[in-house]
Amino acid sequence: MCAIMNNIYFVFYIFLFYSKVSICLRVVSLSVPSLKQKGESTTLTCDYDLEGGKLYSVKWYRDNEEFYRYMPKLRPPQHAHRLEGVKVDLEKSSTRRVHLRDLTLKSRGLYRCEVSEEAPSFHSAQSETFMEVYYFPRESPRIVGYERPYELLEPLDVNCSSAKAFPAPELQWHINGEKVTESSWLTSLESKQASQGLMISTLGLRAPATQHMKIRCVAIIGTHRRERTVTIETNPSDRTRPASIAFIIIIGYINIIYQTMR
C-alpha cells in the first residue's frame with residue numbers, strides 16, 4: 001500500500017513539475033508591422049521567455065503555412081520554406097527575428113510565431129497578428145463633372161476616382177478648405193476591381209454650387225495622401241441678369257445719343 005502511495009505521489013510531483021515548466025514558457029512580445037508598402041522590406045520579431053527551459057524550435061507561419069523555422073540542434077539551424085509573397089533573408093534572420101524582403105500584395109496575411117521547448121514537455125506558446133501590404137501610386141485622383149458651369153445653388157454632379165491602389169483608398173471631399181461632413185452631399189460608390197488585384201475608389205459630391213467654389217478630392221491610405229483641386233464655375237444668378245441687361249441697354253442708348261450729337 002505504501003509503495004502504491006509513493007508511486008502516486010511521485011507521478012503527481014512529476015506532473016506538477018512539468019506543468020510548472022510548461023506554464024513558464026511564453027511569448028513576451030510579437031512585433032509585426034500593421035501596414036507596409038509593396039516593394040519594401042521588414043523585420044518581424046518574436047521575443048519569448050523560456051524560464052530555464054531549453055529551446056526546441058521557433059517557427060513562423062503566414063495564414064497557417066510555415067515559411068521559416070529555427071532549430072538550435074540542426075546544422076544549419078535555419079530553414080526557409082518557399083511560400084508565394086514571402087522572401088526570407090536568412091542572413092538577417094535569427095532565433096528571435098525573421099527578415100522579409102521585396103514585399104508583394106500577396107505578402108499580406110496573419111503572421112504567427114510559435115515557440116516550442118525541448119523534451120520531455122515540448123510545450124509551445126504562440127502569438128499572431130495581421131500585416132497589411134499596400135500599393136499607393138503617385139497619380140492624383142481624377143475628378144469629372146466640374147467642367148461645365150453650374151447655376152448658383154444647383155447641386156453639383158461631380159465624381160472623384162482614385163488611381164489604382166491597394167487596398168481601396170479612403171476618399172474625402174473638401175470645399176474651400178473645409179472637409180465635407182454633410183452625408184447628403186456625398187454619394188459613395190462601390191470600389192471597383194482593377195488589374196493585378198488593385199482597387200479604384202469613387203466618391204460623388206452633390207453639394208450646392210456657390211460662387212468662388214474650389215473643391216478638393218483627397219485619396220488616403222495610412223499616412224499617404226494624394227489630392228486634386230478644381231474650381232467650379234457658376235453662371236450669374238437670375239437676380240443679377242435684369243440689372244446687367246438694363247446696364248447694357250443704357251450704355252447703348254448713351255452711345256447712340258453721343259453719336260447723333262457729333
# chains A, B, ... in the order shown; residues from 1 in each chain; ligands from 1

call {"tool": "select_by_dssp", "arguments": {"residues": "segment 10-183 of chain A", "states": "alpha helix (DSSP H)", "output": "list in words"}}
result
Phe10, Val11, Phe12, Tyr13, Ile14, Phe15, Leu16, Phe17, Tyr18, Ser19, Lys20, Val21, Ser22, Ile23 and Cys24 of chain A

call {"tool": "write_last_selection", "arguments": {"atoms": "C-alpha atoms", "output": "PDB file, in the first residue's frame"}}
result
ATOM      1  CA  PHE A  10       5.928  10.654  -7.419  1.00  0.00           C
ATOM      2  CA  VAL A  11       3.726  10.835 -10.512  1.00  0.00           C
ATOM      3  CA  PHE A  12       1.843  13.783  -9.034  1.00  0.00           C
ATOM      4  CA  TYR A  13       5.156  15.562  -8.320  1.00  0.00           C
ATOM      5  CA  ILE A  14       6.391  14.964 -11.857  1.00  0.00           C
ATOM      6  CA  PHE A  15       3.079  16.280 -13.221  1.00  0.00           C
ATOM      7  CA  LEU A  16       3.299  19.438 -11.153  1.00  0.00           C
ATOM      8  CA  PHE A  17       6.938  19.954 -12.050  1.00  0.00           C
ATOM      9  CA  TYR A  18       6.420  19.791 -15.781  1.00  0.00           C
ATOM     10  CA  SER A  19       3.207  21.756 -15.573  1.00  0.00           C
ATOM     11  CA  LYS A  20       5.137  24.491 -13.845  1.00  0.00           C
ATOM     12  CA  VAL A  21       7.823  24.408 -16.508  1.00  0.00           C
ATOM     13  CA  SER A  22       5.207  24.496 -19.251  1.00  0.00           C
ATOM     14  CA  ILE A  23       3.378  27.438 -17.786  1.00  0.00           C
ATOM     15  CA  CYS A  24       6.613  29.441 -17.665  1.00  0.00           C
TER      16      CYS A  24
END

call {"tool": "residues_around", "arguments": {"residues": "segment 69-81 of chain A", "least_positions_apart": "5", "cutoff": "10 Å", "atoms": "only C-alpha atoms", "output": "PyMOL selection string"}}
result
chain A and resi 54-61+86-91+93-98+113-116

call {"tool": "write_last_selection", "arguments": {"atoms": "N, CA and C atoms", "output": "short mmCIF file (atom, residue, chain, number, x, y, z; two decimals), in the first residue's frame"}}
result
data_model
loop_
_atom_site.label_atom_id
_atom_site.label_comp_id
_atom_site.auth_asym_id
_atom_site.auth_seq_id
_atom_site.Cartn_x
_atom_site.Cartn_y
_atom_site.Cartn_z
N LYS A 54 14.79 24.68 -22.28
CA LYS A 54 15.64 24.69 -23.45
C LYS A 54 14.79 24.81 -24.71
N LEU A 55 15.30 25.62 -25.63
CA LEU A 55 14.57 25.87 -26.87
C LEU A 55 14.67 24.67 -27.81
N TYR A 56 13.52 24.26 -28.32
CA TYR A 56 13.49 23.22 -29.34
C TYR A 56 13.38 23.83 -30.73
N SER A 57 12.42 24.76 -30.90
CA SER A 57 12.26 25.37 -32.22
C SER A 57 11.47 26.68 -32.13
N VAL A 58 11.71 27.53 -33.11
CA VAL A 58 10.89 28.72 -33.34
C VAL A 58 10.41 28.62 -34.79
N LYS A 59 9.10 28.67 -34.98
CA LYS A 59 8.53 28.54 -36.32
C LYS A 59 7.66 29.76 -36.62
N TRP A 60 7.71 30.18 -37.89
CA TRP A 60 6.89 31.30 -38.35
C TRP A 60 5.92 30.82 -39.42
N TYR A 61 4.69 31.34 -39.33
CA TYR A 61 3.64 30.97 -40.27
C TYR A 61 2.98 32.23 -40.83
N VAL A 86 6.44 35.58 -49.80
CA VAL A 86 7.30 35.62 -48.62
C VAL A 86 8.72 35.25 -49.04
N LYS A 87 9.63 36.22 -49.00
CA LYS A 87 11.04 36.00 -49.32
C LYS A 87 11.86 36.26 -48.07
N VAL A 88 12.40 35.18 -47.48
CA VAL A 88 13.16 35.27 -46.24
C VAL A 88 14.63 35.54 -46.54
N ASP A 89 15.20 36.52 -45.87
CA ASP A 89 16.64 36.79 -45.93
C ASP A 89 17.27 36.09 -44.73
N LEU A 90 17.88 34.91 -44.96
CA LEU A 90 18.42 34.12 -43.86
C LEU A 90 19.58 34.82 -43.15
N GLU A 91 20.36 35.62 -43.88
CA GLU A 91 21.49 36.30 -43.26
C GLU A 91 21.04 37.31 -42.22
N SER A 93 18.15 36.95 -40.50
CA SER A 93 17.18 36.28 -39.63
C SER A 93 17.90 35.49 -38.56
N SER A 94 17.22 35.22 -37.45
CA SER A 94 17.82 34.50 -36.33
C SER A 94 16.73 33.82 -35.53
N THR A 95 17.08 33.46 -34.30
CA THR A 95 16.14 32.76 -33.44
C THR A 95 14.97 33.63 -33.00
N ARG A 96 15.17 34.94 -32.94
CA ARG A 96 14.12 35.83 -32.46
C ARG A 96 13.58 36.79 -33.52
N ARG A 97 14.05 36.66 -34.72
CA ARG A 97 13.55 37.55 -35.78
C ARG A 97 13.66 36.88 -37.14
N VAL A 98 12.83 37.37 -38.07
CA VAL A 98 12.89 36.90 -39.45
C VAL A 98 12.73 38.13 -40.35
N CYS A 113 4.01 33.46 -34.71
CA CYS A 113 5.27 32.94 -34.18
C CYS A 113 4.92 31.86 -33.17
N GLU A 114 5.56 30.68 -33.31
CA GLU A 114 5.30 29.56 -32.40
C GLU A 114 6.63 29.08 -31.83
N VAL A 115 6.74 29.10 -30.50
CA VAL A 115 7.96 28.71 -29.79
C VAL A 115 7.70 27.41 -29.04
N SER A 116 8.65 26.44 -29.17
CA SER A 116 8.49 25.14 -28.50
C SER A 116 9.71 24.83 -27.66
#

call {"tool": "residues_around", "arguments": {"residues": "segment 193-210 of chain A", "least_positions_apart": "3", "cutoff": "8 Å", "atoms": "only C-alpha atoms", "output": "ChimeraX atom specification"}}
result
/A:150-173,184-190,213,232,234

call {"tool": "closest_residue", "arguments": {"among": "A:Ser140, A:Ser107, A:Thr231, A:Ser41", "to": "Ile175 of chain A", "atoms": "only C-alpha atoms"}}
result
A:Thr231

call {"tool": "select_by_dssp", "arguments": {"residues": "segment 42-87 of chain A", "states": "strand (DSSP E or B)", "output": "PyMOL selection string"}}
result
chain A and resi 42-49+55-62+65-70+78-80+83+86

call {"tool": "closest_residue", "arguments": {"among": "A:Leu105, A:Leu83, A:Ile143, A:Leu50", "to": "Asp63 of chain A", "atoms": "only C-alpha atoms"}}
result
A:Leu83

call {"tool": "closest_residue", "arguments": {"among": "A:Lys36, A:Val218, A:Glu132, A:Asp49", "to": "Arg101 of chain A", "atoms": "only C-alpha atoms"}}
result
A:Lys36

call {"tool": "closest_residue", "arguments": {"among": "A:Ser29, A:Phe67, A:Asn235, A:Tyr135", "to": "Ile221 of chain A", "atoms": "only C-alpha atoms"}}
result
A:Tyr135

call {"tool": "closest_residue", "arguments": {"among": "A:Val230, A:Thr104, A:Ala219, A:Val133", "to": "Gly177 of chain A", "atoms": "only C-alpha atoms"}}
result
A:Val230

call {"tool": "decode", "arguments": {"residues": "segment 149-255 of chain A", "atoms": "C-alpha atoms", "output": "compact mmCIF listing (two decimals), in the first residue's frame"}}
result
# COMPACT_ATOMS: atom_id res chain seq x y z
CA PRO A 149 -20.71 75.90 -65.49
CA TYR A 150 -23.35 75.48 -62.77
CA GLU A 151 -26.21 77.74 -61.74
CA LEU A 152 -25.91 79.15 -58.25
CA LEU A 153 -27.22 76.63 -55.67
CA GLU A 154 -27.57 73.95 -58.33
CA PRO A 155 -26.44 70.58 -56.92
CA LEU A 156 -23.07 69.53 -58.27
CA ASP A 157 -22.78 66.31 -60.26
CA VAL A 158 -19.10 65.63 -59.61
CA ASN A 159 -17.28 62.33 -59.03
CA CYS A 160 -13.76 61.63 -57.79
CA SER A 161 -11.95 58.36 -58.55
CA SER A 162 -8.65 57.27 -57.07
CA ALA A 163 -5.80 55.85 -59.11
CA LYS A 164 -5.34 52.06 -58.98
CA ALA A 165 -4.22 51.14 -55.47
CA PHE A 166 -4.48 48.51 -52.75
CA PRO A 167 -6.37 48.39 -50.53
CA ALA A 168 -9.12 50.68 -51.86
CA PRO A 169 -8.16 54.21 -50.71
CA GLU A 170 -10.36 56.31 -48.47
CA LEU A 171 -11.70 59.38 -50.31
CA GLN A 172 -12.60 62.78 -48.86
CA TRP A 173 -14.08 65.93 -50.34
CA HIS A 174 -13.11 69.45 -49.22
CA ILE A 175 -14.89 72.68 -50.21
CA ASN A 176 -12.85 75.88 -49.92
CA GLY A 177 -10.53 74.14 -47.47
CA GLU A 178 -13.26 72.62 -45.28
CA LYS A 179 -13.83 68.86 -45.16
CA VAL A 180 -17.34 67.86 -46.28
CA THR A 181 -19.15 66.04 -43.46
CA GLU A 182 -22.73 66.54 -44.67
CA SER A 183 -23.71 62.98 -45.63
CA SER A 184 -26.49 64.12 -48.00
CA TRP A 185 -23.85 65.80 -50.18
CA LEU A 186 -21.77 62.63 -50.52
CA THR A 187 -22.52 59.66 -52.77
CA SER A 188 -20.45 56.56 -52.01
CA LEU A 189 -19.96 54.21 -54.95
CA GLU A 190 -18.74 50.64 -54.67
CA SER A 191 -14.99 50.15 -55.14
CA LYS A 192 -14.08 48.56 -58.47
CA GLN A 193 -11.61 45.75 -59.09
CA ALA A 194 -8.75 46.74 -61.41
CA SER A 195 -5.84 44.82 -62.92
CA GLN A 196 -3.26 42.99 -60.80
CA GLY A 197 -5.59 42.85 -57.81
CA LEU A 198 -5.69 46.64 -57.40
CA MET A 199 -8.77 48.69 -56.49
CA ILE A 200 -10.36 52.01 -57.54
CA SER A 201 -12.46 54.04 -55.09
CA THR A 202 -15.11 56.56 -56.22
CA LEU A 203 -16.94 59.23 -54.21
CA GLY A 204 -19.53 61.66 -55.57
CA LEU A 205 -20.18 65.24 -54.44
CA ARG A 206 -23.67 66.76 -54.67
CA ALA A 207 -23.19 69.99 -52.72
CA PRO A 208 -24.99 73.17 -53.94
CA ALA A 209 -22.85 75.32 -56.22
CA THR A 210 -21.63 78.65 -54.86
CA GLN A 211 -19.50 81.49 -56.18
CA HIS A 212 -15.73 81.19 -55.86
CA MET A 213 -16.04 77.48 -55.15
CA LYS A 214 -12.91 75.30 -55.03
CA ILE A 215 -13.33 71.59 -54.40
CA ARG A 216 -10.54 69.18 -53.48
CA CYS A 217 -10.58 65.39 -53.52
CA VAL A 218 -8.13 63.57 -51.24
CA ALA A 219 -7.21 59.86 -51.52
CA ILE A 220 -5.74 58.33 -48.35
CA ILE A 221 -4.01 55.06 -47.41
CA GLY A 222 -2.41 55.10 -43.98
CA THR A 223 -0.30 58.26 -43.73
CA HIS A 224 -0.08 58.71 -47.50
CA ARG A 225 -2.22 61.24 -49.35
CA ARG A 226 -2.82 62.20 -52.97
CA GLU A 227 -5.10 65.09 -53.90
CA ARG A 228 -6.50 67.16 -56.75
CA THR A 229 -8.20 70.58 -56.65
CA VAL A 230 -10.52 72.12 -59.27
CA THR A 231 -12.65 75.26 -59.49
CA ILE A 232 -16.39 75.25 -60.06
CA GLU A 233 -17.65 77.92 -62.48
CA THR A 234 -21.09 79.43 -61.80
CA ASN A 235 -23.40 81.44 -64.04
CA PRO A 236 -24.73 84.79 -62.79
CA SER A 237 -27.87 84.46 -60.70
CA ASP A 238 -31.28 85.35 -62.17
CA ARG A 239 -31.42 88.40 -59.90
CA THR A 240 -28.33 89.95 -61.44
CA ARG A 241 -29.30 89.29 -65.06
CA PRO A 242 -32.03 92.01 -65.44
CA ALA A 243 -29.71 94.59 -63.90
CA SER A 244 -26.92 93.54 -66.24
CA ILE A 245 -29.19 93.72 -69.30
CA ALA A 246 -30.53 97.14 -68.24
CA PHE A 247 -26.99 98.41 -67.79
CA ILE A 248 -26.05 97.26 -71.30
CA ILE A 249 -29.18 98.95 -72.77
CA ILE A 250 -28.38 102.23 -71.01
CA ILE A 251 -24.79 102.21 -72.22
CA GLY A 252 -26.01 101.54 -75.76
CA TYR A 253 -28.59 104.36 -75.56
CA ILE A 254 -25.95 106.83 -74.31
CA ASN A 255 -23.67 105.81 -77.12
